[in-house]
Amino acid sequence: MAVTKHLRDPPPLDDLATVIERSLLSNFATASASVVQCPDLREAPFNLAGSGLSGNARIGDVGGQQHLFPQPVLDAKYSVLSLAKDMEMSPTRGFILGAGAAPFQDIGQNAELAPNLSWKANDSASDFTDKSSLSLENGTRVIKINQENSPKCEKLPSTNSALMINLFGSDGETGPVLKVSARTRTGEENFTNCIRNGLRDTYGESSPVSLGGAFLLKSGSAKFHVMPDFPPEDQLPFRDRQQLEKEWLSYHVFEAPVVCLNVMHSADPEGLGLRMEHTHCFETGGNRKGGHYHYDIQDGCGDVEYEAYFNVAGVVYRIDRPGV
């Protein structure tokens, strides 16, 4: 697969915190952003596979929506460990999270994927090709529509993906990160787009900022979609975006708490066809909540509240970019 590497020159975290807080206060009743030492994300309430977001932070944008629309490209199959190698991550230690499409080749159907994987090398590890040389902690979730047309969220033993996936990778260290909180949405933008648009408006289209991390929907409710299985061959290709979004996707509203894994970019000046924002979510104590995050439901569903931890990436890798 073709891999291109694109360096970033991100502003200091303190500067980003100021920008993010200002942007959120234009859209939420209360908000704050500061630089803190990352808590151990392996602990509640996040219960992730890695402890932190620091150490050689990087982002991989793999495949793309063109692998789904207008017709699924069934040859677009990926190994997350191989993608970590493409992102020049170390087999010695690492942590990767994000949002993508589930490995239909492993589970027998199309679905949402919330990748959440960490590793440490055994003495013999030299690369990612031999899983037996790595100690893996796989907290990846797959969220699918079952035969009863209901969502189901469960852990996925596979380390594969398909079609498209957006990944934030690091050494998994608990260094300085952005802690971001917001409560009671008063504007139109959702939590992640408010952050992303604030960064774009401040730094412009020519100075991209790329972030990744995790946030918790602490209270309130939010809307999610879940991709069902691929339509039958006689119903493909999709007629248009409206059919895909309004007739095919399955929409649900879930109450907090929900853990959300995010990758975002403020701009795409190189014209890489980046997915500008991608968030997939899951509950850690059940088997139903999860999917692709859209926005919180403020009216009549309780006061929404978010708590997030993000870090900035120093490099972006564009991997297996689809044709036009």
# chains A, B, ... in the order shown; residues from 1 in each chain; ligands from 1

call {"tool": "closest_atom_pairs", "arguments": {"of": "region 149-229 of chain A", "to": "region 16-26 of chain A", "cutoff": "12 Å", "atoms": "only C-alpha atoms", "output": "JSON lines"}}
result
{"residue": "A:Pro176", "atom": "CA", "partner": "A:Ala17", "partner_atom": "CA", "distance": 11.9}
{"residue": "A:Val177", "atom": "CA", "partner": "A:Ala17", "partner_atom": "CA", "distance": 9.7}
{"residue": "A:Leu178", "atom": "CA", "partner": "A:Ala17", "partner_atom": "CA", "distance": 6.6}
{"residue": "A:Lys179", "atom": "CA", "partner": "A:Ala17", "partner_atom": "CA", "distance": 8.2}
{"residue": "A:Val180", "atom": "CA", "partner": "A:Glu21", "partner_atom": "CA", "distance": 7.7}
{"residue": "A:Ser181", "atom": "CA", "partner": "A:Glu21", "partner_atom": "CA", "distance": 8.6}
{"residue": "A:Ala182", "atom": "CA", "partner": "A:Leu24", "partner_atom": "CA", "distance": 7.0}
{"residue": "A:Arg183", "atom": "CA", "partner": "A:Leu24", "partner_atom": "CA", "distance": 9.4}
{"residue": "A:Thr184", "atom": "CA", "partner": "A:Leu25", "partner_atom": "CA", "distance": 10.2}
{"residue": "A:Arg185", "atom": "CA", "partner": "A:Leu24", "partner_atom": "CA", "distance": 9.0}
{"residue": "A:Thr186", "atom": "CA", "partner": "A:Ser26", "partner_atom": "CA", "distance": 8.1}
{"residue": "A:Gly187", "atom": "CA", "partner": "A:Ser26", "partner_atom": "CA", "distance": 7.3}
{"residue": "A:Glu188", "atom": "CA", "partner": "A:Ser26", "partner_atom": "CA", "distance": 10.0}
{"residue": "A:Glu189", "atom": "CA", "partner": "A:Leu24", "partner_atom": "CA", "distance": 9.3}
{"residue": "A:Asn190", "atom": "CA", "partner": "A:Leu24", "partner_atom": "CA", "distance": 9.7}
{"residue": "A:Phe191", "atom": "CA", "partner": "A:Leu24", "partner_atom": "CA", "distance": 7.7}
{"residue": "A:Thr192", "atom": "CA", "partner": "A:Leu24", "partner_atom": "CA", "distance": 9.5}
{"residue": "A:Asn193", "atom": "CA", "partner": "A:Leu24", "partner_atom": "CA", "distance": 9.7}
{"residue": "A:Cys194", "atom": "CA", "partner": "A:Leu24", "partner_atom": "CA", "distance": 6.2}
{"residue": "A:Ile195", "atom": "CA", "partner": "A:Ile20", "partner_atom": "CA", "distance": 5.6}
{"residue": "A:Arg196", "atom": "CA", "partner": "A:Ile20", "partner_atom": "CA", "distance": 8.3}
{"residue": "A:Asn197", "atom": "CA", "partner": "A:Ser23", "partner_atom": "CA", "distance": 8.0}
{"residue": "A:Gly198", "atom": "CA", "partner": "A:Ser23", "partner_atom": "CA", "distance": 5.1}
{"residue": "A:Leu199", "atom": "CA", "partner": "A:Val19", "partner_atom": "CA", "distance": 6.6}
{"residue": "A:Arg200", "atom": "CA", "partner": "A:Val19", "partner_atom": "CA", "distance": 10.0}
{"residue": "A:Asp201", "atom": "CA", "partner": "A:Ser23", "partner_atom": "CA", "distance": 9.5}
{"residue": "A:Thr202", "atom": "CA", "partner": "A:Val19", "partner_atom": "CA", "distance": 7.3}
{"residue": "A:Tyr203", "atom": "CA", "partner": "A:Val19", "partner_atom": "CA", "distance": 9.6}
{"residue": "A:Val209", "atom": "CA", "partner": "A:Leu16", "partner_atom": "CA", "distance": 9.2}
{"residue": "A:Ser210", "atom": "CA", "partner": "A:Leu16", "partner_atom": "CA", "distance": 11.1}
{"residue": "A:Leu211", "atom": "CA", "partner": "A:Leu16", "partner_atom": "CA", "distance": 10.4}

call {"tool": "closest_atom_pairs", "arguments": {"of": "region 226-274 of chain A", "to": "region 57-68 of chain A", "cutoff": "10 Å", "atoms": "only C-alpha atoms", "output": "JSON lines"}}
result
{"residue": "A:Phe230", "atom": "CA", "partner": "A:Leu68", "partner_atom": "CA", "distance": 9.3}
{"residue": "A:Pro237", "atom": "CA", "partner": "A:Leu68", "partner_atom": "CA", "distance": 9.6}
{"residue": "A:Phe238", "atom": "CA", "partner": "A:Leu68", "partner_atom": "CA", "distance": 9.3}
{"residue": "A:Leu244", "atom": "CA", "partner": "A:Leu68", "partner_atom": "CA", "distance": 9.7}
{"residue": "A:Val263", "atom": "CA", "partner": "A:Ile59", "partner_atom": "CA", "distance": 7.8}
{"residue": "A:Met264", "atom": "CA", "partner": "A:Ile59", "partner_atom": "CA", "distance": 9.2}
{"residue": "A:His265", "atom": "CA", "partner": "A:Ile59", "partner_atom": "CA", "distance": 9.7}
{"residue": "A:Leu272", "atom": "CA", "partner": "A:Asp61", "partner_atom": "CA", "distance": 9.2}
{"residue": "A:Gly273", "atom": "CA", "partner": "A:Gly64", "partner_atom": "CA", "distance": 8.1}
{"residue": "A:Leu274", "atom": "CA", "partner": "A:Asp61", "partner_atom": "CA", "distance": 6.5}

call {"tool": "write_last_selection", "arguments": {"atoms": "N, CA and C atoms", "output": "PDB file, in the first residue's frame"}}
result
ATOM      1  N   PHE A 230     -23.442  -5.017   4.729  1.00  0.00           N
ATOM      2  CA  PHE A 230     -23.548  -4.506   3.365  1.00  0.00           C
ATOM      3  C   PHE A 230     -24.892  -4.892   2.752  1.00  0.00           C
ATOM      4  N   PRO A 237     -24.763  -0.399  -6.732  1.00  0.00           N
ATOM      5  CA  PRO A 237     -24.186   0.544  -5.781  1.00  0.00           C
ATOM      6  C   PRO A 237     -25.263   1.426  -5.136  1.00  0.00           C
ATOM      7  N   PHE A 238     -24.873   2.125  -4.044  1.00  0.00           N
ATOM      8  CA  PHE A 238     -25.767   3.096  -3.449  1.00  0.00           C
ATOM      9  C   PHE A 238     -26.144   4.146  -4.498  1.00  0.00           C
ATOM     10  N   LEU A 244     -27.581   6.289   1.438  1.00  0.00           N
ATOM     11  CA  LEU A 244     -26.663   5.720   2.416  1.00  0.00           C
ATOM     12  C   LEU A 244     -26.956   6.249   3.809  1.00  0.00           C
ATOM     13  N   VAL A 263     -10.126  11.090  16.452  1.00  0.00           N
ATOM     14  CA  VAL A 263      -9.022  11.640  15.665  1.00  0.00           C
ATOM     15  C   VAL A 263      -9.587  12.827  14.891  1.00  0.00           C
ATOM     16  N   MET A 264      -8.859  13.969  14.885  1.00  0.00           N
ATOM     17  CA  MET A 264      -9.360  15.140  14.163  1.00  0.00           C
ATOM     18  C   MET A 264      -8.203  15.969  13.599  1.00  0.00           C
ATOM     19  N   HIS A 265      -8.522  16.735  12.559  1.00  0.00           N
ATOM     20  CA  HIS A 265      -7.583  17.654  11.918  1.00  0.00           C
ATOM     21  C   HIS A 265      -8.273  18.992  11.729  1.00  0.00           C
ATOM     22  N   LEU A 272      -4.770  15.850   1.135  1.00  0.00           N
ATOM     23  CA  LEU A 272      -4.572  14.410   1.308  1.00  0.00           C
ATOM     24  C   LEU A 272      -5.881  13.632   1.335  1.00  0.00           C
ATOM     25  N   GLY A 273      -7.001  14.322   1.307  1.00  0.00           N
ATOM     26  CA  GLY A 273      -8.282  13.635   1.442  1.00  0.00           C
ATOM     27  C   GLY A 273      -8.476  13.070   2.831  1.00  0.00           C
ATOM     28  N   LEU A 274      -8.034  13.814   3.865  1.00  0.00           N
ATOM     29  CA  LEU A 274      -8.140  13.344   5.242  1.00  0.00           C
ATOM     30  C   LEU A 274      -9.596  13.309   5.701  1.00  0.00           C
TER      31      LEU A 274
END

call {"tool": "residues_around", "arguments": {"residues": "Ser51 (chain A)", "least_positions_apart": "3", "cutoff": "6 Å", "atoms": "only C-alpha atoms", "output": "list in words"}}
result
Asp40, Leu41, Arg42 and Gly172 of chain A

call {"tool": "closest_atom_pairs", "arguments": {"of": "region 264-287 of chain A", "to": "region 148-155 of chain A", "cutoff": "9 Å", "atoms": "only C-alpha atoms", "output": "JSON lines"}}
result
{"residue": "A:Phe282", "atom": "CA", "partner": "A:Cys153", "partner_atom": "CA", "distance": 6.9}
{"residue": "A:Glu283", "atom": "CA", "partner": "A:Cys153", "partner_atom": "CA", "distance": 7.8}
{"residue": "A:Gly286", "atom": "CA", "partner": "A:Cys153", "partner_atom": "CA", "distance": 7.6}
{"residue": "A:Asn287", "atom": "CA", "partner": "A:Cys153", "partner_atom": "CA", "distance": 4.5}

call {"tool": "select_by_dssp", "arguments": {"residues": "region 6-253 of chain A", "states": "strand (DSSP E)", "output": "PyMOL selection string"}}
result
chain A and resi 6-7+28-37+58-63+77-79+93-101+112-114+116-121+134-138+141-145+151-155+160-170+176-185+210-219+221-226+250-253
